[in-house]
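Visitor: I am attaching a structure below and will ask some questions about it afterwards.
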Amino acid sequence: MDNRPIGIFDSGLGGLTGLMALRELLPEENLIYFGDTGRLPYGGRPASQLRKMARQNLDFMAGFGVKAVFVACGTFSSTAAEILAQNPIPTFGVLRAGVEGMARVPGDGPLAVIATQASIDSGAFARALAERCPGREILPVPCPAFVPLIEGGHTRPGDPELEQALERYLRPVKEAGAQALLYGCTHYGIIDVAVRTYLGPAVQTVSASACAAQELADFLLRENRCGGSGEERYFTNGDPIAFAESAERLLGHALPAAVEKTAVLEC
Ligand code: DGL
C-alpha cells in the first residue's frame, strides 16, 4: 500500500488520454497532472531541447514525492528515452508499451505509426516496431498539424480543417492497406473517432497512452504499491482557465479544483 501520488505530464491535453485510461484501471490513485501548455507544441523542437525539458518536468514531479511518473508524451518517450530510463523514480513512457500493443494485433499486414515530427524524425518508433514485428512493412507518418488542431478544439469527425489534415496525413496509410495504426502521440487518441471514420473498420487503432497506462497499473499491482483516495491536482504553465475548460470538455466532468499555475521554465 502506497498512497503517494502518480505524476503525469505532457505538453497539453494529450496526456489526459493516459490519465483517463489510468483512472479507469486504478480509480483510487492520487494523480498529479501537469500540462506544459506554456511550451506547447513539443513536436517541432530539436531533440536536445526536448531532453532538457523532459528532465525539468521529471524534476517538477519529483518535488511532489510521487511514487511513479507517467510520461504521457510520445515526443519525450522517443527523443529522451535515456533521460526517462535514468530517473530514480519508476518512470513509464509510451513508446515501448505502444509497440507491444501493436505486436498483439494479429496478422501480417503493414503497421503504421503516426506521431509528432520530432518523434518520427528520431526514428525510435519505426526502429522499435521493426525490431518487435520483424518482416512487417512499417509506415511512419509525421502529423504536425494535428496537435494545434486538437488543442484548438477541432476534434469532431466532419470538422473541415480536421478532415483536410486527415486526408493529407492518412491517405498513404489507407492506400498502403495498413492493418493497424499506432497513436505515437498521446494527443491523437482525442481524434480517434475521426481517424477511424476516415480509415474505415479494416484498420485497427492502438493508443500508446492506453497501453502505457496498463503497463503502469500492472507494475503498481505487481509491486503492491497501489493506494490513494482518488484525489487529482492539475497544473499548467499556460492559461489555467483555458486549460480547465478544455480538460473538462475532454474528461466529460468538472475538475475537482481550480487548475494551479506554475512558471514557464526556460529551455
Ligand atoms: N502529446 C505529445 C506527444 O505525445 C506532445 C505533442 C506536441 O506538443 O507536439 O508527443
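Following the order of the C-alpha cells, first chain is A, next is B, and so on, with residues numbered from 1 inside each chain and ligands from 1 in the order they appear.
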Taking only C-alpha atoms and all ligand atoms into account, which residues are within 9 Å of ligand 1, as a VMD selection string?
Guide: chain A and resid 10 to 15 36 to 37 39 to 45 71 to 78 94 115 to 119 144 146 to 148 183 to 188 208 to 209
Visitor: Would you kindly return, as a ChimeraX atom specification, each protein, DNA or RNA residue with an atom no farther than 9 Å from any atom of Gln179 of chain A, considering only C-alpha atoms and excluding same-chain residues fewer than 6 positions away?
Guide: /A:105,107-112,202-205
Visitor: Output as a ChimeraX atom specification all residues of segment 56-259 of chain A that backbone DSSP marks as helix (DSSP H, G or I).
Guide: /A:56-62,74-79,81-86,95-103,117-122,124-132,146-151,160-175,186-199,208-222,240-251
Visitor: Mind writing the picked residues with C-alpha atoms as a compact mmCIF listing (two decimals), in the first residue's frame?
Guide:
# COMPACT_ATOMS: atom_id res chain seq x y z
CA GLN A 56 12.84 19.62 -15.97
CA ASN A 57 9.39 18.03 -15.94
CA LEU A 58 10.65 14.89 -14.19
CA ASP A 59 12.22 17.12 -11.52
CA PHE A 60 8.95 19.07 -11.18
CA MET A 61 7.11 15.82 -10.49
CA ALA A 62 9.78 14.59 -8.06
CA GLY A 74 5.34 10.23 -27.35
CA THR A 75 7.76 13.03 -28.15
CA PHE A 76 9.64 12.70 -24.84
CA SER A 77 9.35 8.91 -24.96
CA SER A 78 11.07 8.80 -28.35
CA THR A 79 13.62 11.63 -28.05
CA ALA A 81 14.32 7.71 -23.62
CA GLU A 82 17.63 7.67 -21.73
CA ILE A 83 16.53 10.59 -19.50
CA LEU A 84 13.37 8.67 -18.62
CA ALA A 85 15.36 5.48 -18.01
CA GLN A 86 17.80 7.26 -15.67
CA LEU A 95 6.82 4.05 -26.73
CA ARG A 96 7.59 0.52 -25.60
CA ALA A 97 4.06 -0.15 -24.34
CA GLY A 98 2.58 1.16 -27.60
CA VAL A 99 4.86 -1.04 -29.69
CA GLU A 100 3.88 -4.06 -27.56
CA GLY A 101 0.24 -3.15 -28.22
CA MET A 102 0.92 -3.21 -31.96
CA ALA A 103 2.67 -6.57 -31.68
CA GLN A 117 7.63 15.46 -36.34
CA ALA A 118 10.27 15.13 -33.59
CA SER A 119 9.12 11.60 -32.72
CA ILE A 120 9.15 10.43 -36.35
CA ASP A 121 12.49 12.16 -37.04
CA SER A 122 14.04 10.33 -34.05
CA ALA A 124 12.58 5.47 -32.43
CA PHE A 125 9.04 4.25 -33.11
CA ALA A 126 9.93 2.79 -36.53
CA ARG A 127 13.03 1.05 -35.11
CA ALA A 128 11.16 -0.43 -32.16
CA LEU A 129 8.29 -1.63 -34.39
CA ALA A 130 10.71 -3.18 -36.90
CA GLU A 131 12.55 -4.98 -34.09
CA ARG A 132 9.41 -6.21 -32.34
CA PHE A 146 -2.86 17.51 -35.51
CA VAL A 147 -1.74 18.92 -32.13
CA PRO A 148 -2.63 22.57 -32.92
CA LEU A 149 -5.98 21.40 -34.33
CA ILE A 150 -6.76 19.26 -31.28
CA GLU A 151 -5.72 21.96 -28.82
CA PRO A 160 -13.50 20.76 -42.21
CA GLU A 161 -9.97 21.61 -41.02
CA LEU A 162 -9.55 18.25 -39.33
CA GLU A 163 -10.88 16.41 -42.40
CA GLN A 164 -8.31 18.19 -44.57
CA ALA A 165 -5.49 17.15 -42.24
CA LEU A 166 -6.77 13.56 -42.06
CA GLU A 167 -6.81 13.39 -45.85
CA ARG A 168 -3.27 14.81 -46.07
CA TYR A 169 -1.66 12.54 -43.47
CA LEU A 170 -3.72 9.36 -43.57
CA ARG A 171 -4.28 8.84 -47.29
CA PRO A 172 -0.92 6.99 -47.60
CA VAL A 173 -1.87 4.82 -44.62
CA LYS A 174 -5.18 3.95 -46.28
CA GLU A 175 -3.57 3.33 -49.67
CA THR A 186 -0.90 10.97 -26.96
CA HIS A 187 -2.99 13.81 -28.39
CA TYR A 188 -4.16 11.63 -31.28
CA GLY A 189 -6.41 9.41 -29.17
CA ILE A 190 -8.61 12.51 -28.80
CA ILE A 191 -9.46 12.30 -32.53
CA ASP A 192 -9.82 8.51 -32.53
CA VAL A 193 -13.41 8.62 -33.79
CA ALA A 194 -12.48 10.92 -36.68
CA VAL A 195 -9.43 8.79 -37.58
CA ARG A 196 -11.42 5.55 -37.52
CA THR A 197 -14.23 7.13 -39.53
CA TYR A 198 -11.67 8.20 -42.16
CA LEU A 199 -9.76 4.90 -42.32
CA ALA A 208 0.19 4.17 -26.92
CA SER A 209 -1.07 6.09 -23.88
CA ALA A 210 -3.71 3.46 -23.05
CA CYS A 211 -1.11 0.68 -23.43
CA ALA A 212 1.27 2.58 -21.13
CA ALA A 213 -1.46 3.16 -18.54
CA GLN A 214 -1.99 -0.62 -18.47
CA GLU A 215 1.75 -1.21 -18.08
CA LEU A 216 1.92 1.23 -15.16
CA ALA A 217 -1.16 -0.27 -13.49
CA ASP A 218 0.29 -3.79 -13.86
CA PHE A 219 3.54 -2.58 -12.25
CA LEU A 220 1.79 -1.00 -9.25
CA LEU A 221 -0.41 -4.05 -8.70
CA ARG A 222 2.52 -6.45 -9.03
CA PRO A 240 -5.30 27.82 -16.24
CA ILE A 241 -8.88 28.81 -17.15
CA ALA A 242 -8.50 27.77 -20.79
CA PHE A 243 -6.77 24.55 -19.76
CA ALA A 244 -9.55 23.73 -17.27
CA GLU A 245 -12.25 24.32 -19.91
CA SER A 246 -10.57 22.08 -22.48
CA ALA A 247 -9.76 19.40 -19.93
CA GLU A 248 -13.31 19.33 -18.61
CA ARG A 249 -14.70 19.04 -22.14
CA LEU A 250 -12.43 16.10 -22.81
CA LEU A 251 -12.87 14.35 -19.46
Visitor: Name the residues of segment 11-173 of chain A that fall into strand (DSSP E or B) according to DSSP on the backbone, using the chain letters and numbers of this document, as a PDB file with all heavy atoms, in the first residue's frame.
Guide:
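File out_0.pdb, as written:
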ATOM      1  N   LEU A  31      -3.604  11.455  -8.344  1.00  0.00           N
ATOM      2  CA  LEU A  31      -2.914  11.819  -9.586  1.00  0.00           C
ATOM      3  C   LEU A  31      -2.565  13.302  -9.614  1.00  0.00           C
ATOM      4  O   LEU A  31      -3.372  14.147  -9.181  1.00  0.00           O
ATOM      5  CB  LEU A  31      -3.798  11.488 -10.799  1.00  0.00           C
ATOM      6  CG  LEU A  31      -4.342  10.060 -10.907  1.00  0.00           C
ATOM      7  CD1 LEU A  31      -5.221   9.925 -12.161  1.00  0.00           C
ATOM      8  CD2 LEU A  31      -3.208   9.032 -10.967  1.00  0.00           C
ATOM      9  N   ILE A  32      -1.390  13.598 -10.111  1.00  0.00           N
ATOM     10  CA  ILE A  32      -1.000  14.992 -10.348  1.00  0.00           C
ATOM     11  C   ILE A  32      -0.719  15.131 -11.833  1.00  0.00           C
ATOM     12  O   ILE A  32       0.129  14.408 -12.375  1.00  0.00           O
ATOM     13  CB  ILE A  32       0.263  15.346  -9.538  1.00  0.00           C
ATOM     14  CG1 ILE A  32      -0.068  15.282  -8.043  1.00  0.00           C
ATOM     15  CG2 ILE A  32       0.784  16.735  -9.934  1.00  0.00           C
ATOM     16  CD1 ILE A  32       1.054  15.654  -7.130  1.00  0.00           C
ATOM     17  N   TYR A  33      -1.443  16.021 -12.496  1.00  0.00           N
ATOM     18  CA  TYR A  33      -1.268  16.199 -13.947  1.00  0.00           C
ATOM     19  C   TYR A  33      -0.648  17.558 -14.224  1.00  0.00           C
ATOM     20  O   TYR A  33      -1.094  18.586 -13.704  1.00  0.00           O
ATOM     21  CB  TYR A  33      -2.628  16.113 -14.670  1.00  0.00           C
ATOM     22  CG  TYR A  33      -2.456  16.110 -16.168  1.00  0.00           C
ATOM     23  CD1 TYR A  33      -2.233  14.922 -16.842  1.00  0.00           C
ATOM     24  CD2 TYR A  33      -2.472  17.296 -16.893  1.00  0.00           C
ATOM     25  CE1 TYR A  33      -2.034  14.916 -18.215  1.00  0.00           C
ATOM     26  CE2 TYR A  33      -2.268  17.297 -18.266  1.00  0.00           C
ATOM     27  CZ  TYR A  33      -2.052  16.093 -18.920  1.00  0.00           C
ATOM     28  OH  TYR A  33      -1.843  16.082 -20.278  1.00  0.00           O
ATOM     29  N   PHE A  34       0.388  17.552 -15.073  1.00  0.00           N
ATOM     30  CA  PHE A  34       0.999  18.811 -15.497  1.00  0.00           C
ATOM     31  C   PHE A  34       0.878  18.958 -17.013  1.00  0.00           C
ATOM     32  O   PHE A  34       1.393  18.119 -17.765  1.00  0.00           O
ATOM     33  CB  PHE A  34       2.470  18.840 -15.075  1.00  0.00           C
ATOM     34  CG  PHE A  34       3.231  20.021 -15.623  1.00  0.00           C
ATOM     35  CD1 PHE A  34       2.742  21.316 -15.508  1.00  0.00           C
ATOM     36  CD2 PHE A  34       4.446  19.834 -16.276  1.00  0.00           C
ATOM     37  CE1 PHE A  34       3.432  22.402 -16.036  1.00  0.00           C
ATOM     38  CE2 PHE A  34       5.152  20.912 -16.800  1.00  0.00           C
ATOM     39  CZ  PHE A  34       4.641  22.197 -16.680  1.00  0.00           C
ATOM     40  N   GLY A  35       0.176  20.000 -17.437  1.00  0.00           N
ATOM     41  CA  GLY A  35       0.081  20.339 -18.862  1.00  0.00           C
ATOM     42  C   GLY A  35       1.027  21.504 -19.133  1.00  0.00           C
ATOM     43  O   GLY A  35       0.786  22.618 -18.677  1.00  0.00           O
ATOM     44  N   ALA A  68       5.545   7.223  -8.803  1.00  0.00           N
ATOM     45  CA  ALA A  68       5.820   6.824 -10.195  1.00  0.00           C
ATOM     46  C   ALA A  68       5.512   8.010 -11.100  1.00  0.00           C
ATOM     47  O   ALA A  68       4.726   8.884 -10.730  1.00  0.00           O
ATOM     48  CB  ALA A  68       4.950   5.633 -10.596  1.00  0.00           C
ATOM     49  N   VAL A  69       6.161   8.025 -12.250  1.00  0.00           N
ATOM     50  CA  VAL A  69       5.891   9.079 -13.232  1.00  0.00           C
ATOM     51  C   VAL A  69       5.416   8.431 -14.531  1.00  0.00           C
ATOM     52  O   VAL A  69       6.020   7.465 -15.006  1.00  0.00           O
ATOM     53  CB  VAL A  69       7.142   9.942 -13.529  1.00  0.00           C
ATOM     54  CG1 VAL A  69       6.769  11.095 -14.459  1.00  0.00           C
ATOM     55  CG2 VAL A  69       7.755  10.490 -12.253  1.00  0.00           C
ATOM     56  N   PHE A  70       4.344   8.985 -15.064  1.00  0.00           N
ATOM     57  CA  PHE A  70       3.791   8.536 -16.338  1.00  0.00           C
ATOM     58  C   PHE A  70       4.071   9.665 -17.337  1.00  0.00           C
ATOM     59  O   PHE A  70       3.427  10.716 -17.294  1.00  0.00           O
ATOM     60  CB  PHE A  70       2.290   8.311 -16.145  1.00  0.00           C
ATOM     61  CG  PHE A  70       1.538   7.778 -17.340  1.00  0.00           C
ATOM     62  CD1 PHE A  70       2.171   7.461 -18.549  1.00  0.00           C
ATOM     63  CD2 PHE A  70       0.168   7.563 -17.249  1.00  0.00           C
ATOM     64  CE1 PHE A  70       1.456   6.967 -19.627  1.00  0.00           C
ATOM     65  CE2 PHE A  70      -0.565   7.073 -18.322  1.00  0.00           C
ATOM     66  CZ  PHE A  70       0.083   6.774 -19.508  1.00  0.00           C
ATOM     67  N   VAL A  71       5.073   9.450 -18.181  1.00  0.00           N
ATOM     68  CA  VAL A  71       5.418  10.448 -19.193  1.00  0.00           C
ATOM     69  C   VAL A  71       4.478  10.197 -20.378  1.00  0.00           C
ATOM     70  O   VAL A  71       4.795   9.435 -21.294  1.00  0.00           O
ATOM     71  CB  VAL A  71       6.905  10.362 -19.593  1.00  0.00           C
ATOM     72  CG1 VAL A  71       7.245  11.457 -20.613  1.00  0.00           C
ATOM     73  CG2 VAL A  71       7.794  10.505 -18.362  1.00  0.00           C
ATOM     74  N   THR A  91       9.550   5.189 -13.885  1.00  0.00           N
ATOM     75  CA  THR A  91       9.072   6.128 -14.914  1.00  0.00           C
ATOM     76  C   THR A  91       8.619   5.358 -16.146  1.00  0.00           C
ATOM     77  O   THR A  91       9.339   4.481 -16.629  1.00  0.00           O
ATOM     78  CB  THR A  91      10.209   7.118 -15.257  1.00  0.00           C
ATOM     79  OG1 THR A  91      10.506   7.849 -14.066  1.00  0.00           O
ATOM     80  CG2 THR A  91       9.825   8.090 -16.352  1.00  0.00           C
ATOM     81  N   PHE A  92       7.443   5.684 -16.624  1.00  0.00           N
ATOM     82  CA  PHE A  92       6.843   4.961 -17.747  1.00  0.00           C
ATOM     83  C   PHE A  92       6.579   5.909 -18.901  1.00  0.00           C
ATOM     84  O   PHE A  92       5.791   6.844 -18.769  1.00  0.00           O
ATOM     85  CB  PHE A  92       5.528   4.296 -17.296  1.00  0.00           C
ATOM     86  CG  PHE A  92       5.757   3.240 -16.257  1.00  0.00           C
ATOM     87  CD1 PHE A  92       5.994   3.591 -14.940  1.00  0.00           C
ATOM     88  CD2 PHE A  92       5.785   1.905 -16.604  1.00  0.00           C
ATOM     89  CE1 PHE A  92       6.251   2.624 -13.976  1.00  0.00           C
ATOM     90  CE2 PHE A  92       6.037   0.932 -15.656  1.00  0.00           C
ATOM     91  CZ  PHE A  92       6.274   1.295 -14.340  1.00  0.00           C
ATOM     92  N   LEU A 111       2.144  -1.981 -40.762  1.00  0.00           N
ATOM     93  CA  LEU A 111       1.877  -1.305 -39.486  1.00  0.00           C
ATOM     94  C   LEU A 111       2.255   0.166 -39.631  1.00  0.00           C
ATOM     95  O   LEU A 111       3.388   0.477 -40.001  1.00  0.00           O
ATOM     96  CB  LEU A 111       2.704  -1.940 -38.362  1.00  0.00           C
ATOM     97  CG  LEU A 111       2.488  -3.427 -38.105  1.00  0.00           C
ATOM     98  CD1 LEU A 111       3.461  -3.934 -37.040  1.00  0.00           C
ATOM     99  CD2 LEU A 111       1.036  -3.692 -37.677  1.00  0.00           C
ATOM    100  N   ALA A 112       1.306   1.049 -39.344  1.00  0.00           N
ATOM    101  CA  ALA A 112       1.589   2.490 -39.440  1.00  0.00           C
ATOM    102  C   ALA A 112       1.746   3.064 -38.040  1.00  0.00           C
ATOM    103  O   ALA A 112       1.149   2.574 -37.083  1.00  0.00           O
ATOM    104  CB  ALA A 112       0.451   3.195 -40.173  1.00  0.00           C
ATOM    105  N   VAL A 113       2.582   4.090 -37.944  1.00  0.00           N
ATOM    106  CA  VAL A 113       2.656   4.854 -36.696  1.00  0.00           C
ATOM    107  C   VAL A 113       2.569   6.327 -37.051  1.00  0.00           C
ATOM    108  O   VAL A 113       3.277   6.798 -37.938  1.00  0.00           O
ATOM    109  CB  VAL A 113       3.937   4.518 -35.880  1.00  0.00           C
ATOM    110  CG1 VAL A 113       5.212   4.646 -36.685  1.00  0.00           C
ATOM    111  CG2 VAL A 113       4.035   5.421 -34.633  1.00  0.00           C
ATOM    112  N   ILE A 114       1.658   7.032 -36.387  1.00  0.00           N
ATOM    113  CA  ILE A 114       1.567   8.479 -36.580  1.00  0.00           C
ATOM    114  C   ILE A 114       2.010   9.142 -35.277  1.00  0.00           C
ATOM    115  O   ILE A 114       1.689   8.673 -34.183  1.00  0.00           O
ATOM    116  CB  ILE A 114       0.157   8.940 -37.026  1.00  0.00           C
ATOM    117  CG1 ILE A 114      -0.943   8.487 -36.063  1.00  0.00           C
ATOM    118  CG2 ILE A 114      -0.131   8.478 -38.445  1.00  0.00           C
ATOM    119  CD1 ILE A 114      -2.325   9.087 -36.390  1.00  0.00           C
ATOM    120  N   ALA A 115       2.777  10.222 -35.416  1.00  0.00           N
ATOM    121  CA  ALA A 115       3.332  10.879 -34.233  1.00  0.00           C
ATOM    122  C   ALA A 115       3.797  12.271 -34.632  1.00  0.00           C
ATOM    123  O   ALA A 115       3.628  12.692 -35.786  1.00  0.00           O
ATOM    124  CB  ALA A 115       4.487  10.047 -33.677  1.00  0.00           C
ATOM    125  N   ILE A 138       6.627  -1.153 -42.227  1.00  0.00           N
ATOM    126  CA  ILE A 138       6.384  -0.114 -41.215  1.00  0.00           C
ATOM    127  C   ILE A 138       6.218   1.237 -41.927  1.00  0.00           C
ATOM    128  O   ILE A 138       7.062   1.614 -42.744  1.00  0.00           O
ATOM    129  CB  ILE A 138       7.569  -0.005 -40.210  1.00  0.00           C
ATOM    130  CG1 ILE A 138       7.968  -1.380 -39.656  1.00  0.00           C
ATOM    131  CG2 ILE A 138       7.239   0.990 -39.091  1.00  0.00           C
ATOM    132  CD1 ILE A 138       6.964  -2.060 -38.767  1.00  0.00           C
ATOM    133  N   LEU A 139       5.155   1.943 -41.605  1.00  0.00           N
ATOM    134  CA  LEU A 139       4.896   3.260 -42.222  1.00  0.00           C
ATOM    135  C   LEU A 139       4.891   4.338 -41.141  1.00  0.00           C
ATOM    136  O   LEU A 139       3.889   4.505 -40.439  1.00  0.00           O
ATOM    137  CB  LEU A 139       3.512   3.276 -42.866  1.00  0.00           C
ATOM    138  CG  LEU A 139       3.225   2.372 -44.026  1.00  0.00           C
ATOM    139  CD1 LEU A 139       1.722   2.273 -44.248  1.00  0.00           C
ATOM    140  CD2 LEU A 139       3.878   2.951 -45.264  1.00  0.00           C
ATOM    141  N   PRO A 140       5.978   5.073 -40.984  1.00  0.00           N
ATOM    142  CA  PRO A 140       5.975   6.161 -40.002  1.00  0.00           C
ATOM    143  C   PRO A 140       5.511   7.469 -40.649  1.00  0.00           C
ATOM    144  O   PRO A 140       6.048   7.858 -41.679  1.00  0.00           O
ATOM    145  CB  PRO A 140       7.456   6.259 -39.575  1.00  0.00           C
ATOM    146  CG  PRO A 140       8.220   5.427 -40.576  1.00  0.00           C
ATOM    147  CD  PRO A 140       7.303   4.895 -41.608  1.00  0.00           C
ATOM    148  N   VAL A 141       4.511   8.125 -40.061  1.00  0.00           N
ATOM    149  CA  VAL A 141       3.946   9.336 -40.671  1.00  0.00           C
ATOM    150  C   VAL A 141       3.893  10.483 -39.639  1.00  0.00           C
ATOM    151  O   VAL A 141       3.172  10.384 -38.645  1.00  0.00           O
ATOM    152  CB  VAL A 141       2.514   9.074 -41.203  1.00  0.00           C
ATOM    153  CG1 VAL A 141       1.962  10.317 -41.886  1.00  0.00           C
ATOM    154  CG2 VAL A 141       2.475   7.878 -42.146  1.00  0.00           C
ATOM    155  N   PRO A 142       4.636  11.571 -39.903  1.00  0.00           N
ATOM    156  CA  PRO A 142       4.519  12.724 -39.005  1.00  0.00           C
ATOM    157  C   PRO A 142       3.240  13.510 -39.318  1.00  0.00           C
ATOM    158  O   PRO A 142       2.872  13.646 -40.481  1.00  0.00           O
ATOM    159  CB  PRO A 142       5.764  13.560 -39.345  1.00  0.00           C
ATOM    160  CG  PRO A 142       6.119  13.175 -40.751  1.00  0.00           C
ATOM    161  CD  PRO A 142       5.591  11.789 -41.002  1.00  0.00           C
TER     162      PRO A 142
END
Visitor: Between A:Ala80, A:Leu22, A:Ala145, A:Cys133, single out the one closest to Ala47 of chain A, counting only C-alpha atoms.
Guide: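 Answer, going by the shortest atom-to-atom distance: A:Ala80.
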Visitor: Could you tell me how far atom CA of Asn30 of chain A sits from atom CA of Glu232 of chain A, in Å to one decimal place?
Guide: 5.8 Å
Visitor: Rounded to one decimal place, report the atom CA of Tyr234 of chain A-atom CA of Glu260 of chain A distance in Å.
Guide: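 Separating atom CA of Tyr234 of chain A from atom CA of Glu260 of chain A is a distance of 6.1 Å.
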Visitor: One number please: atom CA of Leu182 of chain A to atom CA of Cys226 of chain A, in Å, one decimal.
Guide: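 Distance reported for this atom pair: 28.5 Å.
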Visitor: Can you work out which one of A:Cys267, A:Cys143, A:Val66, A:Ile6 has the shortest atom-to-atom distance to Pro46 of chain A, counting only C-alpha atoms?
Guide: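 Nearest to Pro46 of chain A: A:Cys267.
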